Amino acid sequence: MEEKKFDLNSIIGFVLIFGILLFMLWQNKKTPEQIAADKAKQEQVEADKKAEEASQKTEDTFVTSKEDFSNDVLTDSVKLEGLKNKLGAFAYASSLPSATNKETLVETNLLSLKFSNKGGYLTEVKLKKFVNYDSVPVYIIKNGNAAFNLSFKTTDNRSLNTQDLYFEPTITKNGENTVVSMKLKVSESKFLEYRYELKPNDYMFDFTIRSQGLSDVINTSEAVDLDWKLKAYRYAKSVSYENRYTELIYEYDGGKDSYLSQRSDAEETVNDVTYVAFKQHFFTSILLTDKAFKNANLKSTNLVHNQDVDTVFTKSYQSKMPLAIEGGEIAANMNWYYGPTDYKILNNYDRNLDEVVPLGWGIFGWINRYVFIPLFGFLSSFLPYGLAIVVMTILVRIVMSPVTYKSYLSQAKMKVLKPEITEINTKYKDNAIKKQQETMALYSKAGASPMAGCLPALMQLPVFY
């Protein structure tokens, strides 16, 4: 191999290039005079801008006179008349001081909630005890990803939506509970009310919709539809894994539960629905009703089209249900749940909400529900979670050891018999019946069975898989 020689020409070339670059930098450097001129020019531009702003403010300034005040009153009257033409009796709510986009913050030990005057619904739900994979606080509702609306017809043939109307908030106490009343007023004695009652240490809170004195305002011969929508935020690092367990679940027909497709877009209309759960892998939003919705149109849309691309939302959920009307008034007692998809928490409500947690089908679900969950609950009551999992694994292995031993023993016997089985197959290769008879005789003599290894393995499937 030829020895590499020192290339003097290359060294000289690099030095010359470096020298040329230094010369160009020095040549293009601004002189002190140029720097001063640029600075003066910038200061002049800023001065001109400030002068223009001051001039604009001067032009906008005026002296209030009686005539101007009269014009304001006239403008308000015209505005109110316009609202009446558009909203009818509900124009009163838009004339109140609460007719703004102001939000009311209410906190419990577990939740931080914001209620908007416009629409009367939640604009923010924060779970105070949780963070996502990136240590960011968990918000189920934020930045307009959820909507709640009642759509109805009025007796003067208007179509209105509560999400466009303004509610008046009032916060009171009922013992330890916090009560948030949002009223959409037609007058001081006639209104539509959303009433939320929050407990200090509960992810579920009461939600009541009722009307008072609106029998001559709302056209009760037409349906009053409740629309609830949510885009599910992504909380886990793995988009594909989280999306696999993100689904719309519902209970119907007195206790049956079902769900929409997890993988593709789906839509169904179901009768006698008692709850709708917009489930995510780790967190869930649930609307429950004391009296079943007559029917519900449910829709789920998959928003993850490429699992390798980072995404904000995993699925979009929509539900539409008619509210019951009694004596010309709306009266619906419901509950909201915003919290973790935790079996223990959901099961404690005794409202079949544990079905929201995926425990598996058939015997798999039975073992998870009645063996693993109670065992882990007992161990984790006095051990850290990591150690509880290790201890539980050891205990399960000990319990299953006889079955495992049988499986290993059967495999060992079959391994010992393999040469003799091969000899029988060769000897009786043209006589299938004789080959089968000799093989079974060998199994009987050795006390072995080809199924002896399969059955123990099959018995372990529900436990370890």
# chains A, B, ... in the order shown; residues from 1 in each chain; ligands from 1

$ select_by_dssp --residues "stretch 148-254 of chain A" --states "alpha helix (DSSP H)" --output "PDB file with N, CA and C atoms, in the first residue's frame"
ATOM      1  N   VAL A 239     -49.365   7.191  20.359  1.00  0.00           N
ATOM      2  CA  VAL A 239     -50.671   7.565  19.802  1.00  0.00           C
ATOM      3  C   VAL A 239     -51.474   6.319  19.438  1.00  0.00           C
ATOM      4  N   SER A 240     -50.826   5.341  18.810  1.00  0.00           N
ATOM      5  CA  SER A 240     -51.531   4.148  18.349  1.00  0.00           C
ATOM      6  C   SER A 240     -52.087   3.348  19.517  1.00  0.00           C
ATOM      7  N   TYR A 241     -51.304   3.211  20.597  1.00  0.00           N
ATOM      8  CA  TYR A 241     -51.755   2.434  21.755  1.00  0.00           C
ATOM      9  C   TYR A 241     -52.919   3.124  22.451  1.00  0.00           C
ATOM     10  N   GLU A 242     -52.828   4.444  22.612  1.00  0.00           N
ATOM     11  CA  GLU A 242     -53.910   5.175  23.273  1.00  0.00           C
ATOM     12  C   GLU A 242     -55.184   5.141  22.437  1.00  0.00           C
ATOM     13  N   ASN A 243     -55.043   5.306  21.129  1.00  0.00           N
ATOM     14  CA  ASN A 243     -56.220   5.342  20.258  1.00  0.00           C
ATOM     15  C   ASN A 243     -56.939   3.995  20.224  1.00  0.00           C
ATOM     16  N   ARG A 244     -56.182   2.925  20.464  1.00  0.00           N
ATOM     17  CA  ARG A 244     -56.765   1.586  20.482  1.00  0.00           C
ATOM     18  C   ARG A 244     -57.804   1.442  21.602  1.00  0.00           C
TER      19      ARG A 244
END

$ residues_around --residues "A:Asn297" --least-positions-apart "4" --cutoff "8 Å" --atoms "only C-alpha atoms" --output "number ranges by chain"
A: 267-270, 319-321

$ residues_around --residues "A:Ile171" --least-positions-apart "2" --cutoff "9 Å" --atoms "only C-alpha atoms" --output "compact mmCIF listing (two decimals) with C-alpha atoms, in the first residue's frame"
# COMPACT_ATOMS: atom_id res chain seq x y z
CA VAL A 106 -64.86 26.77 40.58
CA PRO A 169 -74.12 32.63 36.99
CA LYS A 173 -73.12 26.45 49.08
CA THR A 178 -70.63 23.98 45.77
CA VAL A 179 -73.68 24.81 43.67
CA VAL A 180 -73.27 26.63 40.35
CA SER A 181 -76.55 27.90 38.90
CA MET A 182 -76.54 29.17 35.30

$ select_by_dssp --residues "stretch 243-381 of chain A" --states "strand (DSSP E)" --output "PyMOL selection string"
chain A and resi 247-252+256-259+266-279+283-302+313-322+325-326+329-340

$ closest_atom_pairs --of "stretch 351-403 of chain A" --to "stretch 279-290 of chain A" --cutoff "10 Å" --atoms "only C-alpha atoms" --output "JSON lines"
{"residue": "A:Arg351", "atom": "CA", "partner": "A:Leu288", "partner_atom": "CA", "distance": 9.1}
{"residue": "A:Leu353", "atom": "CA", "partner": "A:Ile286", "partner_atom": "CA", "distance": 9.1}
{"residue": "A:Val356", "atom": "CA", "partner": "A:Lys279", "partner_atom": "CA", "distance": 7.2}
{"residue": "A:Val357", "atom": "CA", "partner": "A:Lys279", "partner_atom": "CA", "distance": 8.9}
{"residue": "A:Pro358", "atom": "CA", "partner": "A:His281", "partner_atom": "CA", "distance": 9.4}

$ write_last_selection --atoms "N, CA and C atoms" --output "short mmCIF file (atom, residue, chain, number, x, y, z; two decimals), in the first residue's frame"
data_model
loop_
_atom_site.label_atom_id
_atom_site.label_comp_id
_atom_site.auth_asym_id
_atom_site.auth_seq_id
_atom_site.Cartn_x
_atom_site.Cartn_y
_atom_site.Cartn_z
N ARG A 351 -73.27 2.09 39.22
CA ARG A 351 -74.15 2.45 38.11
C ARG A 351 -73.68 1.81 36.80
N LEU A 353 -70.79 1.53 35.66
CA LEU A 353 -69.74 2.28 34.97
C LEU A 353 -68.44 1.49 34.84
N VAL A 356 -66.97 0.52 31.49
CA VAL A 356 -66.15 1.44 30.69
C VAL A 356 -64.70 0.97 30.65
N VAL A 357 -64.27 0.24 31.69
CA VAL A 357 -62.89 -0.24 31.77
C VAL A 357 -62.79 -1.55 30.99
N PRO A 358 -61.86 -1.68 30.04
CA PRO A 358 -61.73 -2.91 29.24
C PRO A 358 -61.08 -4.03 30.04
#

$ closest_residue --among "A:Lys229, A:Lys415, A:Lys291, A:Lys129" --to "A:Gly254" --atoms "only C-alpha atoms"
A:Lys291

$ residues_around --residues "A:Ile421" --least-positions-apart "3" --cutoff "10 Å" --atoms "only C-alpha atoms" --output "list of chain:residue names"
A:Met414, A:Lys415, A:Val416, A:Leu417, A:Lys418, A:Ile424, A:Asn425, A:Thr426, A:Lys427, A:Lys435, A:Glu438, A:Thr439, A:Met440, A:Leu442, A:Tyr443

$ residues_around --residues "A:Gly327" --least-positions-apart "6" --cutoff "12 Å" --atoms "only C-alpha atoms" --output "count of residues only"
10

$ residues_around --residues "stretch 193-198 of chain A" --least-positions-apart "4" --cutoff "10 Å" --atoms "only C-alpha atoms" --output "PyMOL selection string"
chain A and resi 106-108+111+119-121+167-174+176-185+202-212+330-336

$ write_last_selection --atoms "C-alpha atoms" --output "compact mmCIF listing (two decimals), in the first residue's frame"
# COMPACT_ATOMS: atom_id res chain seq x y z
CA VAL A 106 -64.86 26.77 40.58
CA GLU A 107 -62.44 24.34 42.21
CA THR A 108 -62.77 21.18 44.28
CA LEU A 111 -61.27 19.28 39.68
CA GLY A 119 -73.87 28.73 26.64
CA GLY A 120 -73.84 28.04 30.39
CA TYR A 121 -71.52 25.06 29.92
CA PHE A 167 -76.65 32.67 31.17
CA GLU A 168 -76.40 34.46 34.50
CA PRO A 169 -74.12 32.63 36.99
CA THR A 170 -74.72 32.29 40.73
CA ILE A 171 -72.53 30.36 43.17
CA THR A 172 -73.90 29.12 46.51
CA LYS A 173 -73.12 26.45 49.08
CA ASN A 174 -75.18 23.38 49.99
CA GLU A 176 -69.85 21.19 51.82
CA ASN A 177 -71.02 21.10 48.21
CA THR A 178 -70.63 23.98 45.77
CA VAL A 179 -73.68 24.81 43.67
CA VAL A 180 -73.27 26.63 40.35
CA SER A 181 -76.55 27.90 38.90
CA MET A 182 -76.54 29.17 35.30
CA LYS A 183 -79.84 30.81 34.34
CA LEU A 184 -80.98 31.77 30.86
CA LYS A 185 -83.60 34.36 31.73
CA ASP A 202 -65.70 13.45 43.82
CA TYR A 203 -65.14 13.31 40.06
CA MET A 204 -68.90 13.02 39.54
CA PHE A 205 -71.26 15.93 40.08
CA ASP A 206 -75.00 16.47 39.77
CA PHE A 207 -76.38 18.23 36.72
CA THR A 208 -79.99 19.37 36.45
CA ILE A 209 -81.73 21.06 33.53
CA ARG A 210 -85.06 22.64 34.37
CA SER A 211 -87.28 25.39 33.06
CA GLN A 212 -89.65 27.63 34.97
CA ILE A 330 -88.13 20.78 30.90
CA ALA A 331 -87.04 18.65 33.87
CA ALA A 332 -83.97 16.40 33.57
CA ASN A 333 -81.81 15.04 36.40
CA MET A 334 -78.38 13.97 35.22
CA ASN A 335 -74.75 13.58 36.31
CA TRP A 336 -71.40 14.44 34.80

$ closest_residue --among "A:Glu251, A:Tyr428, A:Ala446, A:Tyr343" --to "A:Asn368" --atoms "only C-alpha atoms"
A:Tyr343

$ residues_around --residues "A:Glu355" --least-positions-apart "6" --cutoff "10 Å" --atoms "only C-alpha atoms" --output "PDB file with C-alpha atoms, in the first residue's frame"
ATOM      1  CA  ILE A 249     -69.424   3.382  25.161  1.00  0.00           C
ATOM      2  CA  TYR A 250     -73.102   3.527  26.088  1.00  0.00           C
ATOM      3  CA  GLU A 251     -75.608   1.747  28.320  1.00  0.00           C
ATOM      4  CA  LYS A 256     -76.899  -3.587  28.570  1.00  0.00           C
ATOM      5  CA  ASP A 257     -73.689  -1.961  27.393  1.00  0.00           C
ATOM      6  CA  SER A 258     -72.148  -1.619  23.962  1.00  0.00           C
ATOM      7  CA  TYR A 343     -62.074   0.498  37.788  1.00  0.00           C
ATOM      8  CA  LEU A 346     -66.088   3.830  38.586  1.00  0.00           C
ATOM      9  CA  ASN A 347     -67.282   0.640  40.280  1.00  0.00           C
TER      10      ASN A 347
END

$ closest_atom_pairs --of "stretch 136-158 of chain A" --to "stretch 84-91 of chain A" --cutoff "12 Å" --atoms "only C-alpha atoms" --output "CSV"
residue,atom,partner,partner_atom,distance
A:Lys153,CA,A:Leu87,CA,11.0
A:Thr154,CA,A:Gly88,CA,8.5
A:Thr155,CA,A:Gly88,CA,9.7
A:Asp156,CA,A:Gly88,CA,7.7
A:Asn157,CA,A:Gly88,CA,9.6
A:Arg158,CA,A:Leu87,CA,7.4

$ atom_distance --atom1 "atom CA of A:Trp228" --atom2 "atom CA of A:Asn143"
15.9 Å
